[in-house]
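Colleague: Quick one, data12.pdb (PDB, C-alpha atoms, pLDDT in the B column):
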ATOM      1  CA  MET A   1       0.000   0.000   0.000  1.00 41.00           C
ATOM      2  CA  PRO A   2       1.431   3.442  -0.896  1.00 41.00           C
ATOM      3  CA  SER A   3       2.331   5.644   2.025  1.00 42.00           C
ATOM      4  CA  PRO A   4       0.063   8.642   2.622  1.00 46.00           C
ATOM      5  CA  ILE A   5       1.169  12.014   1.375  1.00 43.00           C
ATOM      6  CA  PRO A   6       0.941  14.996   3.692  1.00 46.00           C
ATOM      7  CA  PRO A   7      -1.705  17.683   3.324  1.00 48.00           C
ATOM      8  CA  ALA A   8      -1.450  19.740   0.157  1.00 44.00           C
ATOM      9  CA  HIS A   9      -0.033  23.207   0.459  1.00 42.00           C
ATOM     10  CA  ALA A  10      -2.190  26.294  -0.008  1.00 47.00           C
ATOM     11  CA  GLY A  11      -0.924  26.637  -3.578  1.00 48.00           C
ATOM     12  CA  ALA A  12      -2.074  23.182  -4.682  1.00 57.00           C
ATOM     13  CA  PRO A  13      -4.197  23.370  -7.835  1.00 70.00           C
ATOM     14  CA  SER A  14      -7.958  23.411  -7.587  1.00 84.00           C
ATOM     15  CA  PHE A  15     -10.661  22.635 -10.109  1.00 92.00           C
ATOM     16  CA  SER A  16     -13.624  24.964 -10.645  1.00 96.00           C
ATOM     17  CA  LEU A  17     -17.063  24.154 -12.009  1.00 97.00           C
ATOM     18  CA  GLN A  18     -19.704  26.754 -12.897  1.00 98.00           C
ATOM     19  CA  VAL A  19     -23.277  25.873 -11.891  1.00 97.00           C
ATOM     20  CA  ARG A  20     -26.514  27.775 -12.547  1.00 98.00           C
ATOM     21  CA  VAL A  21     -29.205  27.583  -9.841  1.00 98.00           C
ATOM     22  CA  TYR A  22     -32.550  26.358 -11.246  1.00 97.00           C
ATOM     23  CA  TRP A  23     -36.056  26.152  -9.735  1.00 96.00           C
ATOM     24  CA  GLU A  24     -35.484  22.487  -8.935  1.00 96.00           C
ATOM     25  CA  ASP A  25     -32.541  23.474  -6.708  1.00 97.00           C
ATOM     26  CA  THR A  26     -34.524  25.873  -4.526  1.00 97.00           C
ATOM     27  CA  ASP A  27     -37.001  25.678  -1.680  1.00 95.00           C
ATOM     28  CA  ALA A  28     -40.278  27.590  -1.380  1.00 91.00           C
ATOM     29  CA  GLY A  29     -38.343  30.736  -0.456  1.00 92.00           C
ATOM     30  CA  GLY A  30     -36.316  30.735  -3.682  1.00 93.00           C
ATOM     31  CA  VAL A  31     -33.027  29.839  -1.985  1.00 96.00           C
ATOM     32  CA  VAL A  32     -30.997  26.698  -2.631  1.00 98.00           C
ATOM     33  CA  TYR A  33     -32.234  23.852  -0.452  1.00 97.00           C
ATOM     34  CA  TYR A  34     -29.378  22.900   1.888  1.00 96.00           C
ATOM     35  CA  ALA A  35     -29.003  19.295   0.633  1.00 97.00           C
ATOM     36  CA  ASN A  36     -28.586  20.444  -2.970  1.00 98.00           C
ATOM     37  CA  TYR A  37     -25.193  21.939  -2.145  1.00 98.00           C
ATOM     38  CA  LEU A  38     -24.043  18.338  -1.623  1.00 98.00           C
ATOM     39  CA  LYS A  39     -25.130  17.554  -5.196  1.00 97.00           C
ATOM     40  CA  PHE A  40     -23.174  20.541  -6.511  1.00 98.00           C
ATOM     41  CA  MET A  41     -20.110  19.348  -4.600  1.00 98.00           C
ATOM     42  CA  GLU A  42     -20.495  15.808  -5.971  1.00 97.00           C
ATOM     43  CA  ARG A  43     -20.534  17.264  -9.487  1.00 97.00           C
ATOM     44  CA  GLY A  44     -17.358  19.170  -8.656  1.00 97.00           C
ATOM     45  CA  ARG A  45     -15.525  16.025  -7.533  1.00 95.00           C
ATOM     46  CA  THR A  46     -16.829  14.060 -10.531  1.00 94.00           C
ATOM     47  CA  GLU A  47     -15.679  16.725 -12.981  1.00 94.00           C
ATOM     48  CA  TRP A  48     -12.297  16.903 -11.193  1.00 92.00           C
ATOM     49  CA  LEU A  49     -11.929  13.177 -11.972  1.00 90.00           C
ATOM     50  CA  ARG A  50     -13.056  13.661 -15.583  1.00 91.00           C
ATOM     51  CA  ARG A  51     -10.470  16.411 -16.048  1.00 90.00           C
ATOM     52  CA  LEU A  52      -7.866  13.841 -14.979  1.00 86.00           C
ATOM     53  CA  GLY A  53      -9.217  11.368 -17.547  1.00 87.00           C
ATOM     54  CA  ILE A  54     -11.023   9.106 -15.085  1.00 89.00           C
ATOM     55  CA  ASP A  55     -14.452   7.727 -15.944  1.00 91.00           C
ATOM     56  CA  GLN A  56     -16.047   6.391 -12.760  1.00 92.00           C
ATOM     57  CA  GLY A  57     -18.275   3.921 -14.611  1.00 94.00           C
ATOM     58  CA  ARG A  58     -15.297   2.372 -16.378  1.00 93.00           C
ATOM     59  CA  LEU A  59     -13.316   2.354 -13.141  1.00 93.00           C
ATOM     60  CA  ARG A  60     -16.062   0.324 -11.497  1.00 95.00           C
ATOM     61  CA  GLU A  61     -16.595  -2.042 -14.441  1.00 96.00           C
ATOM     62  CA  GLU A  62     -12.972  -2.610 -15.460  1.00 94.00           C
ATOM     63  CA  ARG A  63     -11.132  -2.373 -12.140  1.00 95.00           C
ATOM     64  CA  GLY A  64     -13.805  -3.217  -9.600  1.00 96.00           C
ATOM     65  CA  VAL A  65     -13.378  -0.091  -7.479  1.00 96.00           C
ATOM     66  CA  GLN A  66     -15.568   2.884  -6.738  1.00 96.00           C
ATOM     67  CA  PHE A  67     -15.574   5.861  -4.387  1.00 96.00           C
ATOM     68  CA  ALA A  68     -18.003   6.906  -1.671  1.00 96.00           C
ATOM     69  CA  VAL A  69     -18.194   9.835   0.713  1.00 97.00           C
ATOM     70  CA  VAL A  70     -17.488   8.613   4.246  1.00 97.00           C
ATOM     71  CA  SER A  71     -17.430  11.930   6.102  1.00 98.00           C
ATOM     72  CA  LEU A  72     -18.326  15.517   5.479  1.00 98.00           C
ATOM     73  CA  GLU A  73     -18.074  18.749   7.416  1.00 98.00           C
ATOM     74  CA  ILE A  74     -19.875  21.726   5.930  1.00 98.00           C
ATOM     75  CA  ALA A  75     -20.365  25.352   6.915  1.00 98.00           C
ATOM     76  CA  TYR A  76     -23.219  27.245   5.307  1.00 97.00           C
ATOM     77  CA  ARG A  77     -22.103  30.899   5.135  1.00 98.00           C
ATOM     78  CA  SER A  78     -24.597  32.556   2.799  1.00 98.00           C
ATOM     79  CA  PRO A  79     -27.445  31.324   0.562  1.00 97.00           C
ATOM     80  CA  ALA A  80     -27.505  30.968  -3.199  1.00 98.00           C
ATOM     81  CA  ARG A  81     -30.710  31.960  -4.956  1.00 97.00           C
ATOM     82  CA  LEU A  82     -32.634  31.177  -8.125  1.00 96.00           C
ATOM     83  CA  ASP A  83     -30.681  32.010 -11.300  1.00 97.00           C
ATOM     84  CA  ASP A  84     -27.406  32.628  -9.451  1.00 98.00           C
ATOM     85  CA  GLU A  85     -24.275  31.456 -11.200  1.00 98.00           C
ATOM     86  CA  ILE A  86     -22.093  29.832  -8.590  1.00 98.00           C
ATOM     87  CA  THR A  87     -18.647  28.292  -8.701  1.00 98.00           C
ATOM     88  CA  VAL A  88     -17.799  24.994  -7.025  1.00 98.00           C
ATOM     89  CA  THR A  89     -14.094  24.556  -6.315  1.00 97.00           C
ATOM     90  CA  THR A  90     -12.531  21.206  -5.509  1.00 96.00           C
ATOM     91  CA  GLN A  91      -9.022  20.862  -4.123  1.00 94.00           C
ATOM     92  CA  LEU A  92      -7.302  17.660  -3.070  1.00 93.00           C
ATOM     93  CA  GLN A  93      -5.932  18.178   0.448  1.00 92.00           C
ATOM     94  CA  ARG A  94      -4.665  14.781   1.549  1.00 92.00           C
ATOM     95  CA  LEU A  95      -4.224  11.441  -0.108  1.00 91.00           C
ATOM     96  CA  GLY A  96      -4.128   8.301   2.061  1.00 93.00           C
ATOM     97  CA  GLY A  97      -3.818   4.650   1.148  1.00 93.00           C
ATOM     98  CA  ALA A  98      -7.593   4.233   0.789  1.00 96.00           C
ATOM     99  CA  THR A  99      -8.943   7.780   1.290  1.00 96.00           C
ATOM    100  CA  ILE A 100      -8.903  11.171  -0.372  1.00 94.00           C
ATOM    101  CA  ASP A 101      -9.585  14.383   1.543  1.00 95.00           C
ATOM    102  CA  PHE A 102     -10.937  17.346  -0.383  1.00 96.00           C
ATOM    103  CA  THR A 103     -11.659  20.937   0.481  1.00 97.00           C
ATOM    104  CA  GLN A 104     -14.621  22.259  -1.456  1.00 98.00           C
ATOM    105  CA  ARG A 105     -16.000  25.769  -1.599  1.00 98.00           C
ATOM    106  CA  ILE A 106     -19.017  27.238  -3.316  1.00 98.00           C
ATOM    107  CA  VAL A 107     -18.827  30.926  -4.130  1.00 98.00           C
ATOM    108  CA  ARG A 108     -20.877  33.552  -5.920  1.00 98.00           C
ATOM    109  CA  GLY A 109     -18.422  36.108  -7.212  1.00 97.00           C
ATOM    110  CA  GLU A 110     -16.205  36.949  -4.244  1.00 96.00           C
ATOM    111  CA  LEU A 111     -18.744  35.810  -1.638  1.00 98.00           C
ATOM    112  CA  THR A 112     -18.165  32.403  -0.032  1.00 98.00           C
ATOM    113  CA  LEU A 113     -21.446  30.514   0.314  1.00 98.00           C
ATOM    114  CA  ILE A 114     -20.205  27.103   1.475  1.00 98.00           C
ATOM    115  CA  GLU A 115     -16.973  25.724   2.926  1.00 98.00           C
ATOM    116  CA  SER A 116     -16.581  21.971   3.238  1.00 98.00           C
ATOM    117  CA  ASP A 117     -14.114  19.194   4.024  1.00 98.00           C
ATOM    118  CA  VAL A 118     -14.990  15.880   2.406  1.00 98.00           C
ATOM    119  CA  ARG A 119     -13.397  12.464   2.882  1.00 98.00           C
ATOM    120  CA  VAL A 120     -13.928   9.904   0.122  1.00 97.00           C
ATOM    121  CA  ALA A 121     -12.956   6.224   0.457  1.00 97.00           C
ATOM    122  CA  CYS A 122     -11.971   3.756  -2.226  1.00 97.00           C
ATOM    123  CA  LEU A 123     -14.186   0.655  -2.073  1.00 97.00           C
ATOM    124  CA  ARG A 124     -14.273  -2.742  -3.764  1.00 97.00           C
ATOM    125  CA  ALA A 125     -17.366  -2.475  -5.942  1.00 96.00           C
ATOM    126  CA  ALA A 126     -18.460  -6.079  -5.270  1.00 96.00           C
ATOM    127  CA  THR A 127     -18.339  -5.854  -1.463  1.00 97.00           C
ATOM    128  CA  LEU A 128     -18.379  -2.109  -0.707  1.00 97.00           C
ATOM    129  CA  LYS A 129     -15.433  -2.750   1.631  1.00 97.00           C
ATOM    130  CA  PRO A 130     -12.490  -0.322   1.772  1.00 97.00           C
ATOM    131  CA  CYS A 131      -9.474  -1.068  -0.389  1.00 96.00           C
ATOM    132  CA  ALA A 132      -6.274   0.633  -1.453  1.00 96.00           C
ATOM    133  CA  ILE A 133      -6.458   3.281  -4.149  1.00 93.00           C
ATOM    134  CA  PRO A 134      -4.976   1.742  -7.332  1.00 92.00           C
ATOM    135  CA  LYS A 135      -1.274   2.625  -7.509  1.00 92.00           C
ATOM    136  CA  ASP A 136      -1.471   4.426 -10.860  1.00 89.00           C
ATOM    137  CA  LEU A 137      -4.331   6.642  -9.647  1.00 89.00           C
ATOM    138  CA  PHE A 138      -2.526   7.277  -6.370  1.00 86.00           C
ATOM    139  CA  ALA A 139       0.567   8.447  -8.285  1.00 86.00           C
ATOM    140  CA  GLN A 140      -1.502  10.652 -10.591  1.00 84.00           C
ATOM    141  CA  TRP A 141      -3.359  12.261  -7.678  1.00 82.00           C
ATOM    142  CA  ARG A 142      -0.151  12.648  -5.679  1.00 80.00           C
ATOM    143  CA  ASP A 143       1.313  14.601  -8.572  1.00 78.00           C
ATOM    144  CA  GLU A 144      -1.911  16.639  -8.882  1.00 73.00           C
ATOM    145  CA  SER A 145      -1.776  17.545  -5.190  1.00 70.00           C
ATOM    146  CA  ARG A 146       1.769  18.781  -5.649  1.00 73.00           C
ATOM    147  CA  GLY A 147       0.850  20.828  -8.691  1.00 68.00           C
ATOM    148  CA  GLU A 148       2.873  18.640 -11.045  1.00 64.00           C
ATOM    149  CA  ALA A 149       1.666  17.938 -14.565  1.00 54.00           C
ATOM    150  CA  ARG A 150       1.599  14.346 -15.768  1.00 49.00           C
TER     151      ARG A 150
END
What do you get writing this file as structure tokens?
Modeller:
Amino acid sequence: MPSPIPPAHAGAPSFSLQVRVYWEDTDAGGVVYYANYLKFMERGRTEWLRRLGIDQGRLREERGVQFAVVSLEIAYRSPARLDDEITVTTQLQRLGGATIDFTQRIVRGELTLIESDVRVACLRAATLKPCAIPKDLFAQWRDESRGEAR
């Protein structure tokens, strides 16, 4: 099993995803329903993987592994509203043998709406039991966390 890398430094690269707030995202008051921020963050992590050339469906089918959120800490700072364009940022903070820690933020312009720390675990798809992150992915993500191009 690869040894964990330390937390990423403040200058580690982050990935940004633009999201428009639609009616379906809001509650009766026209503000984003609190649970929908989790969906926006999931999209951010998924698109981070896509940018690195990783298709989660293929990963599950061909290599028998998948990822699942195992812990989440979130601070709601300010609401997003209908038709807002928000930005979801995803930054790898720590890479362990079987886990990935991300910091995610959702902003509207310069205003921070959400701050979150998310831990994702690598699981065997057949059993949903934790397993080591495949070595090639670990190396790729280690380089990403250091700001190195592959």
Colleague: My list of candidates is A:Gln56, A:Ser116, A:Gln66, A:Ser78. Which is closest to Thr90 of chain A when distances are computed with only C-alpha atoms?
Modeller: A:Ser116
Colleague: Box for segment 91-99 of chain A - axis-aligned, 5 Å on each of the six sides, all listed atoms - centre and size in Å to one decimal, as JSON.
Modeller:
{"center_x": -6.4, "center_y": 12.5, "center_z": -1.0, "size_x": 15.2, "size_y": 26.6, "size_z": 16.2}
Colleague: For Glu115 of chain A, which of A:Asp83, A:Glu144, A:Glu62, A:Glu73 is the closest residue, counting all atoms listed in the file?
Modeller: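 Ranking A:Asp83, A:Glu144, A:Glu62, A:Glu73 by distance to Glu115 of chain A, first place goes to A:Glu73.
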Colleague: Which residues, protein or nucleic acid, reach to within 12 Å of (-4.3, 7.0, -10.5) in the file's coordinates when using all atoms listed in the file, and can you give that as a PDB file with C-alpha atoms, in the frame of the given file?
Modeller:
ATOM      1  CA  PRO A   2       1.431   3.442  -0.896  1.00 41.00           C
ATOM      2  CA  LEU A  49     -11.929  13.177 -11.972  1.00 90.00           C
ATOM      3  CA  LEU A  52      -7.866  13.841 -14.979  1.00 86.00           C
ATOM      4  CA  GLY A  53      -9.217  11.368 -17.547  1.00 87.00           C
ATOM      5  CA  ILE A  54     -11.023   9.106 -15.085  1.00 89.00           C
ATOM      6  CA  ASP A  55     -14.452   7.727 -15.944  1.00 91.00           C
ATOM      7  CA  GLN A  56     -16.047   6.391 -12.760  1.00 92.00           C
ATOM      8  CA  LEU A  59     -13.316   2.354 -13.141  1.00 93.00           C
ATOM      9  CA  ARG A  63     -11.132  -2.373 -12.140  1.00 95.00           C
ATOM     10  CA  VAL A  65     -13.378  -0.091  -7.479  1.00 96.00           C
ATOM     11  CA  LEU A  95      -4.224  11.441  -0.108  1.00 91.00           C
ATOM     12  CA  GLY A  97      -3.818   4.650   1.148  1.00 93.00           C
ATOM     13  CA  ILE A 100      -8.903  11.171  -0.372  1.00 94.00           C
ATOM     14  CA  CYS A 122     -11.971   3.756  -2.226  1.00 97.00           C
ATOM     15  CA  ALA A 132      -6.274   0.633  -1.453  1.00 96.00           C
ATOM     16  CA  ILE A 133      -6.458   3.281  -4.149  1.00 93.00           C
ATOM     17  CA  PRO A 134      -4.976   1.742  -7.332  1.00 92.00           C
ATOM     18  CA  LYS A 135      -1.274   2.625  -7.509  1.00 92.00           C
ATOM     19  CA  ASP A 136      -1.471   4.426 -10.860  1.00 89.00           C
ATOM     20  CA  LEU A 137      -4.331   6.642  -9.647  1.00 89.00           C
ATOM     21  CA  PHE A 138      -2.526   7.277  -6.370  1.00 86.00           C
ATOM     22  CA  ALA A 139       0.567   8.447  -8.285  1.00 86.00           C
ATOM     23  CA  GLN A 140      -1.502  10.652 -10.591  1.00 84.00           C
ATOM     24  CA  TRP A 141      -3.359  12.261  -7.678  1.00 82.00           C
ATOM     25  CA  ARG A 142      -0.151  12.648  -5.679  1.00 80.00           C
ATOM     26  CA  ASP A 143       1.313  14.601  -8.572  1.00 78.00           C
ATOM     27  CA  GLU A 144      -1.911  16.639  -8.882  1.00 73.00           C
ATOM     28  CA  ARG A 150       1.599  14.346 -15.768  1.00 49.00           C
TER      29      ARG A 150
END
Colleague: Please evaluate the PyMOL selection byres ((chain A and resi 118) around 8) against the structure above and give the resulting residues as a ChimeraX atom specification.
Modeller: /A:69-73,101-104,116-117,119-120
Colleague: My list of candidates is A:Ile114, A:Ala80, A:Val88, A:Ala98. Which is closest to Asp25 of chain A when distances are computed with all atoms listed in the file?
Modeller: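 Ranked by minimum distance to Asp25 of chain A, first place goes to A:Ala80.
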Colleague: My list of candidates is A:Thr112, A:Thr99, A:Thr127, A:Ser145. Which is closest to Ala68 of chain A when distances are computed with all atoms listed in the file?
Modeller: A:Thr99
Colleague: Applied to the shown file, which residues does the PyMOL selection byres ((chain A and resi 14) around 7) return, written as a list in words?
Modeller: Ala12, Pro13, Phe15, Ser16, Thr89, Thr90 and Gln91 of chain A
Colleague: Between A:Arg43, A:Arg108, A:Arg50, A:Arg124, which is the closest to Gly64 of chain A once you count all atoms listed in the file?
Modeller: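 Under the stated criterion, the closest residue is A:Arg124.
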Colleague: Hey, which of A:Leu111, A:Ile74, A:Val31, A:Leu17 ends up closest to Arg51 of chain A? Count all atoms listed in the file.
Modeller: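 Checking each candidate against Arg51 of chain A, we get A:Leu17 as the closest.
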Colleague: Tell me which residues the PyMOL selection byres ((chain A and resi 20) around 8) grabs here, as a JSON list (two decimals) with C-alpha atoms, in the coordinates of the input.
Modeller:
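result27.json written:
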[["chain", "number", "residue", "atom", "x", "y", "z"],
["A", 18, "GLN", "CA", -19.70, 26.75, -12.90],
["A", 19, "VAL", "CA", -23.28, 25.87, -11.89],
["A", 21, "VAL", "CA", -29.20, 27.58, -9.84],
["A", 22, "TYR", "CA", -32.55, 26.36, -11.25],
["A", 83, "ASP", "CA", -30.68, 32.01, -11.30],
["A", 84, "ASP", "CA", -27.41, 32.63, -9.45],
["A", 85, "GLU", "CA", -24.28, 31.46, -11.20],
["A", 86, "ILE", "CA", -22.09, 29.83, -8.59]]
Colleague: Give me, please, the distance in Å between atom CA of Cys131 of chain A and atom CA of Phe67 of chain A, quoted to one decimal.
Modeller: 10.1 Å
Colleague: Report the distance between atom CA of Leu113 of chain A and atom CA of Arg77 of chain A in Å, rounded to one decimal place.
Modeller: 4.9 Å
